[in-house]
Amino acid sequence: MTATLKRVLLGEQGLLVIFVLAFAVVSLTVPNFLSERNILGLLQSVVTIGIVACTMMFCLASRDFDLSVGSIVAFAGMVAVMVSNSTGSIPLGLLAALLAGTLVGLVNGVVIAKLHINALITTLATMQIVRGLALLASDGRAVGINDPTFYSLALSRFLGIPTPVWIMAALFVVFAFVLNRTVFGRNTLAIGGNPEASRLAGVDVDWSRIWIFALQGLVCAVAGILLASRITSGQPNAATGLELSVISACVLGGVSLAGGRASMSGVIVGVMILGIAENVMNLLNIQAFYQYLVRGSILLLAVLLDNLRTRALVRR
Amino acid sequence: MTATLKRVLLGEQGLLVIFVLAFAVVSLTVPNFLSERNILGLLQSVVTIGIVACTMMFCLASRDFDLSVGSIVAFAGMVAVMVSNSTGSIPLGLLAALLAGTLVGLVNGVVIAKLHINALITTLATMQIVRGLALLASDGRAVGINDPTFYSLALSRFLGIPTPVWIMAALFVVFAFVLNRTVFGRNTLAIGGNPEASRLAGVDVDWSRIWIFALQGLVCAVAGILLASRITSGQPNAATGLELSVISACVLGGVSLAGGRASMSGVIVGVMILGIAENVMNLLNIQAFYQYLVRGSILLLAVLLDNLRTRALVRR
Amino acid sequence: MAFLEFSDISKTYPGVKALSSVSFGVRKGSVHGLMGENGAGKSTLIRLLSGDQRADEGEIRIDGNTQAYASTRDAFDAGVVVVHQELQLVPELSVAENLRLGRFPARGGVVGFRALFEEVGRVLKEIGIDVDPRARVSSLSIGERQMIEIAKAVMIDARVLALDEPTSSLSSRESEVLFRLIDRLRQAGKVIIYVSHRLDEIFRLCDGCTVLRDGRLAAHHETMEVVTRDRLVSEMVGREIADIWGWRPRESGAVRLSVQGLHGPRVPEPASFEARAGEILGFFGLVGAGRSELMRLVYGADQPNGGSVALDGAPLALGSPRRSIRAGLVLCPEDRKADGIVQGRSVGENVVIASRRHYSPLGVINPRREASVADRFIEALRIRTPSRRQDIVNLSGGNQQKVILARWLSEPGINVLIVDEPTRGIDVGAKAEIYDILYRLAEQGVAIVVVSSELPEVMGISDRILVMCERRIAAEFKRGEFTEGVLLAAALPDRQTPQTAAQRA
Amino acid sequence: QDVKIGFVVKQPEEPWFQDEWKFAQEAAKEKGFTLVEIGAEDGEKVQSAIDNLGAQGAQGFIICTPDVKLGPGIVAKAAANDLKLMTVDDRLVDNGGQPIEDVPHMGISATKIGEAVGQAIVDEIKKRNWNMAEVGAIKVSYDQLPTAVDRVTGATSVIEKAGFPAANIFNAPQAKTDTEAALNAATTVVNAHPEIKHWIAVGLNDEAVLGAVRATEGVGIPAENVIGVGIGGAESAINEFKKPSPTGFFGTVIISPKRHGYETALNMYEWIANDKEPEKLILTSGQLATRGDYEAVRKELGIQ
Ligand SMILES: Nc1ncnc2c1ncn2[C@@H]1O[C@H](COP(=O)(O)OP(=O)(O)OP(=O)(O)O)[C@@H](O)[C@H]1O
Ligand SMILES: Nc1ncnc2c1ncn2[C@@H]1O[C@H](COP(=O)(O)OP(=O)(O)OP(=O)(O)O)[C@@H](O)[C@H]1O
Ligand SMILES: O[C@@H]1[C@@H](O)[C@@H](O)CO[C@H]1O
Ligand SMILES: [Mg+2]
Ligand SMILES: [Mg+2]
């Protein structure tokens with residue numbers, strides 16, 4: 001009995017098990033938590049982090065770092081709204097936003113891979129430049145959406161579940177596949193494990209890194225579009241600080257900052273832990289300043305538990 | 001002639017040379033830049049970043065990371081003011097602040113080194129917890145200083161130069177010495193360069209990491225005290241985002257995030273580049289949104305130049 | 001009476017029993033060989049001795065006292081110094097700092113650099129290592145780094161010294177320096193544990209030896225008097241190996257690899273050579289002769305400054321390993337830790353990383369095929385691992401080397417195979433198998449270039465040998481022409497003033 | 001049925017909002033309803049906050065939005081969750097930039113409050129008999145925040161109208177909204193114009209103006225040569241007035257968190273419990289407080 005329990009807790013899916021247990025406890029103790037409305041609200045609240053975490057996972061797994069995600073999300077949202085407004089065509093607006101996001105990502109990738117500039121510095125720089133562009137484009141003010149069908153992107157539902165949640169779920173599936181079952185995904189992990197050895201084994205390291213950043217830009221643009229649609233405007237100040245939340249979610253989910261280790265299921269759990277923490281704190285009406293303490297402690301506790309687990313695993 | 005030029009530009013002190021050239025250009029072209037008042041103002045404006053960068057350099061050089069510095073600065077400032085007010089003794093207040101900072105650093109260090117929790121996550125957690133404590137302690141409000149002699153810490157001068165600038169300079173000297181000439185400094189570099197080898201050689205890796213974080217906390221407290229004195233109150237919201245500025249300054253100054261490489265002169269140059277950029281933008285009255293673009297571009301340009309330099313160096 | 005005693009030592013890793021009830025003792029003032037196949041448990045035993053890890057069971061006694069140390073530091077204090085199989089140096093620090101890492105000469109926490117450089121300079125000179133104590137380790141070649149690593153151990157006045165494959169990247173000349181050192185230490189009454197796969201070294205150095213097999217004690221010899229080479233081999237591998245080189249004559253065909261005037265940052269003089277289909281071309285030289293650098297230029301690992309490489313007459317785009325692989329030219333690198341293994345990934349993943357593209361349509365991988373390829377090579381090269389899913393960092397050094405070899409052997413359609421120190425750290429039995437694989441590839445028409453610092457190896461398997469000296473190709477010998485004497489003579493610089501590290505920097 | 005009301009604010013760390021919450025809680029205690037406090041710093045957090053309130057069965061909420069342009073989204077989300085909606089401090093606008101008049105609002109226009117600052121400064125300049133042509137103005141700006149732009153522009157427009165030369169107004173853009181950032185930005189301005197003897201300072205809030213005042217102190221300009229007027233009137237300003245000798249921080253325009261917190265919460269309760277719809281628009285006014293009269297002003301506004 002205890003042996004089985006131990007096996008389950010300490011197995012590959014241990015983090016998931018801890019998470020499921022925590023989820024059960026929260027469901028039973030926090031009033032209103034397990035209502036359909038709340039769960040849907042919770043899912044919608046993690047859409048931005050969840051979507052961006054997909055590619056951040058690749059970025060971290062290949063030993064890189066991207067601080068510019070928040071700015072790209074805001075910038076792409078602005079582009080989507082402004083282009084839609086000025087051309088009168090929503091598809092054109094979306095296309096422009098996706099292109100803009102990809103372009104910024106591409107610039108990140110090329111500078112990092114080809115000019116060999118530290119990823120932290122490069123994306124810190126583009127984070128500022130892109131935020132500046134977003135602010136300049138709109139003179140620092142939010143831009144409203146003219147055509148109300150734009151909102152329906154976020155408001156529409158399929159089988160009772162909002163479209164953004166479906167999109168997030170679809171991206172989870174796609175990127176889990178890419179990570180585990182494609183050469184690109186395996187190469188990403190190899191680069192994180194040992195970039196030089198990977199290069200000598202014929203992996204096109206530069207090209208992979210450029211692709212990862214470009215994808216990151218594209219995915220941020222998707223998040224930016226959905227966000228603009230949800231908040232019915234393009235906001236140059238949107239998503240500040242997103243980078244730290246996304247990176248925390250990934251690290252919580254077991255992605256190693258030293259590269260070479262990542263799993264989609266882990267990242268999903270990481271994203272959900274952060275989302276649930278926020279949700280529950282608000283449901284329990286915890287005072288704003290205590291929320292800081294709780295948020296910090298949950299972060300620590302989650303990694304600590306996971307550490308104890310893997311260390312017990314080694315001792316076994 | 002060109003050979004000499006090349007030697008100077010590409011030598012060990014290349015970054016410094018680039019910096020001196022840039023400084024000369026700025027001095028000649030930007031009105032009011034080279035006035036004594038402006039230079040003193042500039043120096044005062046980099047005191048917080050400069051002081052914290054001293055120990056951040058150690059942290060990064062040993063392959064760690066500290067995101068909690070901004071919160072510690074704010075927290076220590078609050079403690080200094082509140083304890084001074086309640087005991088009526090400024091020395092007691094300062095002592096309490098230094099202790100508080102060191103304590104937070106110590107907790108960081110112990111959790112990271114002994115519980116083996118990722119430094120990014122740990123300090124992200126303490127960053128939130130400590131900020132929460134600062135907010136809770138004062139109910140989110142600024143706390144005024146009762147005894148005006150507290151202000152004189154920041155206002156007093158020695159040989160015409162404000163005390164905080166002297167303190168920063170003293171810390172630069174001390175930490176340059178510690179890094180280059182002491183066992184502790186060399187061990188720090190060794191740990192960053194090859195943690196495994198250091199451990200096998202009998203370097204007490206855990207102990208060194210704990211010390212580095214504790215020192216970081218202490219130094220942040222110094223910065224926090226000076227800041228509180230400068231703004232004549234303890235503010236729980238002070239120094240948000242400080243961590244990124246300090247890390248940028250270090251990386252600009254050639255500290256490697258992969259550990260093992262650091263120099264105090266580089267870090268000083270990094271700090272000054274950031275400070276001068278801000279100062280000059282304000283002197284030239286550059287519009288706020290363009291400042292984002294300029295700030296980002298300067299970051300990129302500085303590392304790019306340094307990279308070209310070192311690459312040319314290798315080809316030589 | 002044994003000075004150093006292992007008694008009933010057991011150690012288990014997840015899925016692997018690395019040592020089970022190993023007991024033996026070593027006398028004072030003697031050199032004791034530790035032998036065994038890859039993964040037999042040699043390095044594990046050394047790690048326990050170094051205080052890096054603790055045994056699950058059993059104890060280590062020195063001079064009759066049970067050692068209860070819990071860290072490498074305690075082991076130092078007990079007079080035990082270990083040179084690990086993988087280099088343990090800090091590249092960013094100077095040679096001198098590396099030599100005294102953990103024990104800097106210091107007063108009040110301040111390092112006495114003058115004393116440090118002087119002391120280290122003296123010691124290096126005394127033991128015949130020609131390197132500037134102020135040079136950064138990152139500017140040294142692998143061989144030089146290995147010498148530094150050994151000097152590190154010698155500098156301390158230890159009672160027990162353990163060397164785990166210290167000569168695996170040294171040529172015979174540097175090895176000789178080391179052997180003289182060891183002789184001196186033996187005379188000074190130290191206990192020395194010596195791990196090596198090179199049998200001639202064991203006979204040259206050791207007073208006794210112990211053989212491990214699958215983590216168990218297979219044989220223990222107090223003296224080497226009655227021990228023969230064949231006996232040792234069969235104790236290690238469990239079977240007889242008549243001739244480990246097993247060279248057999250072959251027809252060589254057309255020129256496959258043609259290198260013309262190739263030069264780069266660390267190969268200043270243009271180098272030219274050719275290798276033919278079915279030929280095994282050996283490259284011999286002393287440490288730092290420039291062989292590895294030249295091969296990296298050929299492969300495209302480094303960007304050359306000029307020259308050309310042609311495969312079957314078609315010019316090869318330089319500077320891209322990826323394109324070289326696609327054109328059928330591959331290199332198995334010298335430094336397996338830095339350039340070979342992908343840490344954190346499984347054994348299987350490390351095998352298929354390059355060749356999986358052949359059966360991954362549209363970039364989607366084929367896990368079943370990958371598993372079968374990996375398993376095939378794990379069996380063929382007898383890689384000792386609980387499964388292909390094991391993280392490669394958990395494998396023993398020799399087994400890691402085999403995985404890297406498997407990576408290239410699993411690549412179909414290679415025309416030219418360059419292997420740099422291919423059998424570094426590999427046991428006798430596996431060596432014979434690897435040579436056999438090389439011959440079979442050659443028979444299929446592959447041109448093979450073998451860089452090796454082990455003189456018997458180059459002589460044993462090459463059809464032709466090029467000797468490099470001071471980063472130039474200095475001489476060429478055909479099979480039948482070469483003897484140890486002529487090869488060494490060609491490898492030694494004319495001027496007896498070897499360049500110092502300072503001049504290089 | 002139990003009444004549950006949400007109170008969502010954009011910057012929970014700001015003392016102003018702490019006060020609003022505190023006074024709203026007073027109303028809750030009096031009337032016996034539950035008040036849920038949520039901080040929502042950006043549009044996305046606002047959306048989740050509203051969902052969250054819906055999920056826990058609240059009937060309505062009051063919000064100070066991080067951006068007035070979020071208006072249509074907030075209205076839609078509130079409707080979707082069947083929640084009554086009121087705004088406080090900042091009024092929602094539609095896509096065309098026009099105020100959404102259906103939503104009951106209590107607040108004060110940012111421009112108006114800025115104008116009050118400007119007027120206070122102009123009056124004090126006259127009182128001190130300064131020659132406007134020789135006075136410099138430090139405009140601590142934070143252009144990312146629309147409210148900040150409106151306040152500062154409100155202030156400068158009044159002083160300019162009173163004859164202050166536009167060329168003497170110097171921009172000091174702060175990188176963040178804390179005192180240190182304002183101090184660094186203002187220091188540059190002050191040092192660039194050593195010839196100017198008299199300074200005035202405006203900014204988005206008390207913290208910003210305090211930074212400018214500290215900058216003048218840093219270069220040794222005496223307090224009587226500086227007139228800084230802030231906005232807010234919470235602790236940072238009070239601390240300044242409590243200092244033993246006067247500083248360049250002349251006054252602050254206090255807005256009352258009591259009315260904004262207590263009355264909005266009360267009105268929302270009445271709306272839910274007794275179906276008494278609140279007035280569509282209630283405008284409160286800011287009131288200048290100085291070292292001499294701040295205690296009285298605070299008492300008058302019901303804050304202690
Ligand atoms: N950290 C570890 N985790 C799991 N297994 C390990 C670990 N370290 C070593 N092993 C296993 O223990 C066994 C003994 O390894 P060891 O390194 O002692 O071999 P060795 O005799 O030194 O071989 P070689 O000649 O190849 O260096 C091997 O099967 C190896 O895979
Ligand atoms: N990273 C480096 N920086 C500076 N010099 C280097 C570097 N790597 C190698 N060298 C120098 O280049 C020369 C050639 O080294 P190389 O490794 O090619 O020699 P080798 O013949 O393969 O011998 P071995 O690999 O056994 O040391 C050596 O003198 C070495 O010191
Ligand atoms: O943001 C401001 C806040 O600081 C307070 O002054 C009230 O009004 C809001 O608009
Ligand atoms: Mg071994
Ligand atoms: Mg070599």
# chains A, B, ... in the order shown; residues from 1 in each chain; ligands from 1
>>> interface_residues(of="chain A", to="chain D", cutoff="6 Å", atoms="only C-alpha atoms", output="ChimeraX atom specification")
/A:32,37-38,41,45,140,142,144,231-232,285
>>> write_last_selection(atoms="N, CA, C and O atoms", output="PDB file, in the first residue's frame")
ATOM      1  N   ASN A  32     -17.317  28.002  -3.819  1.00  0.00           N
ATOM      2  CA  ASN A  32     -17.472  28.523  -5.178  1.00  0.00           C
ATOM      3  C   ASN A  32     -16.362  28.103  -6.124  1.00  0.00           C
ATOM      4  O   ASN A  32     -16.418  28.414  -7.303  1.00  0.00           O
ATOM      5  N   ARG A  37     -18.771  28.170 -13.628  1.00  0.00           N
ATOM      6  CA  ARG A  37     -18.407  29.541 -13.948  1.00  0.00           C
ATOM      7  C   ARG A  37     -17.002  29.878 -13.497  1.00  0.00           C
ATOM      8  O   ARG A  37     -16.220  30.484 -14.217  1.00  0.00           O
ATOM      9  N   ASN A  38     -16.695  29.464 -12.276  1.00  0.00           N
ATOM     10  CA  ASN A  38     -15.374  29.815 -11.762  1.00  0.00           C
ATOM     11  C   ASN A  38     -14.278  29.118 -12.549  1.00  0.00           C
ATOM     12  O   ASN A  38     -13.246  29.714 -12.856  1.00  0.00           O
ATOM     13  N   GLY A  41     -13.813  30.848 -15.729  1.00  0.00           N
ATOM     14  CA  GLY A  41     -13.134  32.121 -15.487  1.00  0.00           C
ATOM     15  C   GLY A  41     -11.656  31.911 -15.230  1.00  0.00           C
ATOM     16  O   GLY A  41     -10.793  32.609 -15.771  1.00  0.00           O
ATOM     17  N   SER A  45      -8.488  33.183 -17.352  1.00  0.00           N
ATOM     18  CA  SER A  45      -7.481  34.068 -16.764  1.00  0.00           C
ATOM     19  C   SER A  45      -6.058  33.590 -17.031  1.00  0.00           C
ATOM     20  O   SER A  45      -5.127  34.370 -16.920  1.00  0.00           O
ATOM     21  N   GLY A 140       0.541  56.592 -26.032  1.00  0.00           N
ATOM     22  CA  GLY A 140       0.418  56.152 -24.645  1.00  0.00           C
ATOM     23  C   GLY A 140      -0.980  55.832 -24.196  1.00  0.00           C
ATOM     24  O   GLY A 140      -1.203  55.502 -23.040  1.00  0.00           O
ATOM     25  N   ALA A 142      -4.835  53.818 -24.665  1.00  0.00           N
ATOM     26  CA  ALA A 142      -5.469  52.638 -25.232  1.00  0.00           C
ATOM     27  C   ALA A 142      -6.222  53.021 -26.501  1.00  0.00           C
ATOM     28  O   ALA A 142      -6.694  54.138 -26.635  1.00  0.00           O
ATOM     29  N   GLY A 144      -9.381  51.983 -28.843  1.00  0.00           N
ATOM     30  CA  GLY A 144     -10.608  51.192 -28.859  1.00  0.00           C
ATOM     31  C   GLY A 144     -10.803  50.477 -30.186  1.00  0.00           C
ATOM     32  O   GLY A 144     -10.236  50.858 -31.209  1.00  0.00           O
ATOM     33  N   ILE A 231     -10.158  42.471 -23.780  1.00  0.00           N
ATOM     34  CA  ILE A 231     -10.280  43.742 -23.074  1.00  0.00           C
ATOM     35  C   ILE A 231     -10.785  44.822 -24.021  1.00  0.00           C
ATOM     36  O   ILE A 231     -10.785  45.999 -23.678  1.00  0.00           O
ATOM     37  N   THR A 232     -11.221  44.417 -25.203  1.00  0.00           N
ATOM     38  CA  THR A 232     -11.870  45.287 -26.196  1.00  0.00           C
ATOM     39  C   THR A 232     -11.079  46.540 -26.520  1.00  0.00           C
ATOM     40  O   THR A 232     -11.653  47.562 -26.864  1.00  0.00           O
ATOM     41  N   ASN A 285     -10.872  36.239  -0.571  1.00  0.00           N
ATOM     42  CA  ASN A 285     -10.806  37.640  -0.199  1.00  0.00           C
ATOM     43  C   ASN A 285      -9.586  37.944   0.692  1.00  0.00           C
ATOM     44  O   ASN A 285      -9.696  38.585   1.723  1.00  0.00           O
TER      45      ASN A 285
END
>>> residues_near_ligand(ligand="ligand 1", cutoff="6 Å", atoms="only C-alpha atoms and all ligand atoms", output="number ranges by chain")
C: 13-14, 16, 18, 37-44, 384-385, 394-399, 425
>>> residues_around(residues="Leu252 (chain A)", least_positions_apart="5", cutoff="12 Å", atoms="only C-alpha atoms", output="CSV table (one decimal) with N, CA and C atoms, in the first residue's frame")
chain,number,residue,atom,x,y,z
A,15,LEU,N,4.7,15.5,-10.1
A,15,LEU,CA,4.3,16.8,-9.9
A,15,LEU,C,2.8,16.9,-10.2
A,16,LEU,N,2.4,16.1,-11.2
A,16,LEU,CA,1.0,16.1,-11.6
A,16,LEU,C,0.1,15.6,-10.4
A,19,PHE,N,-0.2,18.1,-7.8
A,19,PHE,CA,-1.1,19.1,-8.2
A,19,PHE,C,-2.6,18.6,-8.1
A,53,ALA,N,3.6,30.5,-22.4
A,53,ALA,CA,4.5,29.5,-21.8
A,53,ALA,C,4.9,28.4,-22.8
A,57,MET,N,8.9,27.7,-23.0
A,57,MET,CA,9.4,26.4,-22.6
A,57,MET,C,10.6,26.0,-23.6
A,244,LEU,N,8.1,37.5,-16.2
A,244,LEU,CA,8.4,36.8,-15.0
A,244,LEU,C,7.4,35.7,-14.6
A,245,SER,N,6.1,36.0,-14.8
A,245,SER,CA,5.0,35.0,-14.6
A,245,SER,C,5.2,33.8,-15.4
A,246,VAL,N,5.5,34.1,-16.7
A,246,VAL,CA,5.6,32.9,-17.6
A,246,VAL,C,6.8,32.1,-17.3
A,247,ILE,N,8.0,32.8,-17.0
A,247,ILE,CA,9.1,32.0,-16.6
A,247,ILE,C,8.9,31.2,-15.3
A,257,LEU,N,16.4,25.9,-16.1
A,257,LEU,CA,17.0,27.1,-16.6
A,257,LEU,C,18.4,26.8,-17.2
A,262,ALA,N,12.5,19.8,-20.2
A,262,ALA,CA,11.2,20.4,-20.3
A,262,ALA,C,10.1,19.4,-20.6
A,263,SER,N,8.9,19.7,-20.1
A,263,SER,CA,7.8,18.8,-20.5
A,263,SER,C,6.6,19.7,-20.5
A,264,MET,N,5.7,19.4,-21.5
A,264,MET,CA,4.5,20.3,-21.7
A,264,MET,C,3.6,20.1,-20.5
A,265,SER,N,3.5,18.8,-20.0
A,265,SER,CA,2.5,18.6,-18.9
A,265,SER,C,3.0,19.3,-17.7
A,266,GLY,N,4.3,19.3,-17.5
A,266,GLY,CA,4.8,20.1,-16.4
A,266,GLY,C,4.4,21.6,-16.5
A,267,VAL,N,4.6,22.1,-17.7
A,267,VAL,CA,4.4,23.6,-17.8
A,267,VAL,C,2.9,23.8,-17.6
A,268,ILE,N,2.0,22.9,-18.1
A,268,ILE,CA,0.6,23.2,-17.9
A,268,ILE,C,0.3,23.2,-16.4
A,269,VAL,N,0.9,22.3,-15.7
A,269,VAL,CA,0.7,22.3,-14.2
A,269,VAL,C,1.2,23.6,-13.6
A,270,GLY,N,2.4,24.0,-14.1
A,270,GLY,CA,2.9,25.3,-13.5
A,270,GLY,C,2.0,26.4,-13.8
A,271,VAL,N,1.4,26.5,-15.0
A,271,VAL,CA,0.5,27.6,-15.3
A,271,VAL,C,-0.7,27.5,-14.4
A,272,MET,N,-1.3,26.3,-14.3
A,272,MET,CA,-2.5,26.1,-13.5
A,272,MET,C,-2.2,26.5,-12.0
A,273,ILE,N,-1.1,26.1,-11.5
A,273,ILE,CA,-0.8,26.4,-10.1
A,273,ILE,C,-0.9,27.9,-9.9
A,274,LEU,N,-0.2,28.7,-10.8
A,274,LEU,CA,-0.2,30.1,-10.6
A,274,LEU,C,-1.6,30.6,-10.7
A,298,ILE,N,3.8,30.1,-2.1
A,298,ILE,CA,3.4,29.0,-2.9
A,298,ILE,C,4.4,28.6,-3.9
A,299,LEU,N,5.1,29.6,-4.5
A,299,LEU,CA,6.2,29.4,-5.4
A,299,LEU,C,7.2,28.5,-4.7
A,300,LEU,N,7.6,28.9,-3.6
A,300,LEU,CA,8.7,28.2,-2.8
A,300,LEU,C,8.2,26.8,-2.5
A,301,LEU,N,7.0,26.7,-2.0
A,301,LEU,CA,6.5,25.4,-1.6
A,301,LEU,C,6.5,24.4,-2.7
A,302,ALA,N,6.0,24.9,-3.9
A,302,ALA,CA,5.8,24.0,-5.0
A,302,ALA,C,7.2,23.4,-5.5
A,303,VAL,N,8.2,24.3,-5.6
A,303,VAL,CA,9.5,23.8,-6.0
A,303,VAL,C,10.1,22.9,-5.0
A,304,LEU,N,9.8,23.3,-3.7
A,304,LEU,CA,10.4,22.5,-2.6
A,304,LEU,C,9.9,21.1,-2.6
A,305,LEU,N,8.6,21.0,-2.7
A,305,LEU,CA,7.9,19.7,-2.8
A,305,LEU,C,8.5,18.9,-3.9
A,306,ASP,N,8.6,19.5,-5.1
A,306,ASP,CA,9.0,18.8,-6.2
A,306,ASP,C,10.5,18.3,-6.0
A,307,ASN,N,11.3,19.2,-5.4
A,307,ASN,CA,12.7,18.8,-5.1
A,307,ASN,C,12.8,17.6,-4.2
B,117,ILE,N,17.2,24.8,-4.1
B,117,ILE,CA,16.1,25.3,-4.9
B,117,ILE,C,16.7,26.4,-5.8
B,118,ASN,N,16.3,26.3,-7.1
B,118,ASN,CA,16.7,27.2,-8.1
B,118,ASN,C,16.7,28.7,-7.6
B,120,LEU,N,16.6,31.5,-9.2
B,120,LEU,CA,15.6,32.4,-9.8
B,120,LEU,C,14.2,32.3,-9.0
B,121,ILE,N,13.8,31.1,-8.8
B,121,ILE,CA,12.5,30.9,-8.1
B,121,ILE,C,12.6,31.4,-6.7
B,122,THR,N,13.7,31.0,-6.0
B,122,THR,CA,13.8,31.4,-4.6
B,122,THR,C,13.7,32.9,-4.5
B,124,LEU,N,12.6,35.1,-6.6
B,124,LEU,CA,11.4,35.6,-7.1
B,124,LEU,C,10.4,35.5,-6.0
B,125,ALA,N,10.4,34.4,-5.2
B,125,ALA,CA,9.5,34.2,-4.1
B,125,ALA,C,9.8,35.2,-3.0
>>> closest_atom_pairs(of="chain B", to="chain C", cutoff="6 Å", atoms="only C-alpha atoms", output="tab-separated table")
residue	atom	partner	partner_atom	distance
B:Arg181	CA	C:Val111	CA	5.5
B:Thr182	CA	C:Val110	CA	4.1
B:Val183	CA	C:Gly109	CA	5.4
B:Ala190	CA	C:Val90	CA	5.9
B:Gly193	CA	C:Val90	CA	5.4
B:Asn194	CA	C:Val90	CA	5.3
B:Ala197	CA	C:Gln88	CA	4.5
B:Leu200	CA	C:Thr72	CA	5.8
B:Ala201	CA	C:Gly102	CA	5.4
B:Gly202	CA	C:Arg73	CA	4.4
B:Val203	CA	C:Gly102	CA	4.7
>>> write_last_selection(atoms="all heavy atoms", output="short mmCIF file (atom, residue, chain, number, x, y, z; two decimals), in the first residue's frame")
data_model
loop_
_atom_site.label_atom_id
_atom_site.label_comp_id
_atom_site.auth_asym_id
_atom_site.auth_seq_id
_atom_site.Cartn_x
_atom_site.Cartn_y
_atom_site.Cartn_z
N ARG B 181 41.56 39.61 -4.97
CA ARG B 181 42.68 39.28 -4.11
C ARG B 181 42.35 38.37 -2.94
O ARG B 181 43.26 38.02 -2.19
CB ARG B 181 43.32 40.58 -3.58
CG ARG B 181 43.76 41.55 -4.66
CD ARG B 181 44.81 40.91 -5.57
NE ARG B 181 45.95 40.47 -4.81
CZ ARG B 181 46.98 41.26 -4.51
NH1 ARG B 181 47.01 42.49 -4.93
NH2 ARG B 181 47.98 40.77 -3.82
N THR B 182 41.10 38.04 -2.74
CA THR B 182 40.83 37.20 -1.58
C THR B 182 40.41 35.80 -1.98
O THR B 182 39.97 35.57 -3.11
CB THR B 182 39.71 37.78 -0.69
OG1 THR B 182 38.49 37.70 -1.43
CG2 THR B 182 39.98 39.21 -0.29
N VAL B 183 40.56 34.91 -1.06
CA VAL B 183 40.17 33.52 -1.27
C VAL B 183 38.68 33.46 -1.62
O VAL B 183 38.25 32.75 -2.54
CB VAL B 183 40.46 32.69 -0.01
CG1 VAL B 183 39.92 31.28 -0.17
CG2 VAL B 183 41.94 32.68 0.27
N ALA B 190 35.62 30.51 -9.16
CA ALA B 190 35.81 29.09 -9.42
C ALA B 190 34.47 28.36 -9.43
O ALA B 190 34.19 27.53 -10.29
CB ALA B 190 36.74 28.48 -8.38
N GLY B 193 32.79 29.12 -12.59
CA GLY B 193 33.48 28.55 -13.74
C GLY B 193 33.28 27.05 -13.84
O GLY B 193 33.10 26.51 -14.93
N ASN B 194 33.32 26.37 -12.73
CA ASN B 194 33.13 24.92 -12.73
C ASN B 194 32.76 24.47 -11.32
O ASN B 194 33.64 24.16 -10.51
CB ASN B 194 34.42 24.24 -13.22
CG ASN B 194 34.21 22.75 -13.43
OD1 ASN B 194 33.23 22.16 -12.96
ND2 ASN B 194 35.14 22.13 -14.14
N ALA B 197 34.13 20.98 -10.23
CA ALA B 197 35.56 20.96 -9.92
C ALA B 197 35.83 21.65 -8.59
O ALA B 197 36.67 21.20 -7.80
CB ALA B 197 36.34 21.65 -11.03
N LEU B 200 34.91 19.34 -5.78
CA LEU B 200 35.88 18.27 -5.64
C LEU B 200 37.20 18.77 -5.08
O LEU B 200 37.93 18.03 -4.44
CB LEU B 200 36.11 17.58 -6.99
CG LEU B 200 34.92 16.76 -7.47
CD1 LEU B 200 35.18 16.19 -8.86
CD2 LEU B 200 34.61 15.62 -6.50
N ALA B 201 37.51 20.03 -5.35
CA ALA B 201 38.77 20.58 -4.83
C ALA B 201 38.62 21.00 -3.37
O ALA B 201 39.54 21.57 -2.80
CB ALA B 201 39.22 21.77 -5.68
N GLY B 202 37.45 20.78 -2.80
CA GLY B 202 37.29 21.07 -1.39
C GLY B 202 36.84 22.49 -1.09
O GLY B 202 36.85 22.90 0.06
N VAL B 203 36.46 23.24 -2.13
CA VAL B 203 35.89 24.56 -1.87
C VAL B 203 34.52 24.33 -1.24
O VAL B 203 33.74 23.51 -1.73
CB VAL B 203 35.73 25.35 -3.19
CG1 VAL B 203 34.99 26.64 -2.94
CG2 VAL B 203 37.08 25.61 -3.81
#
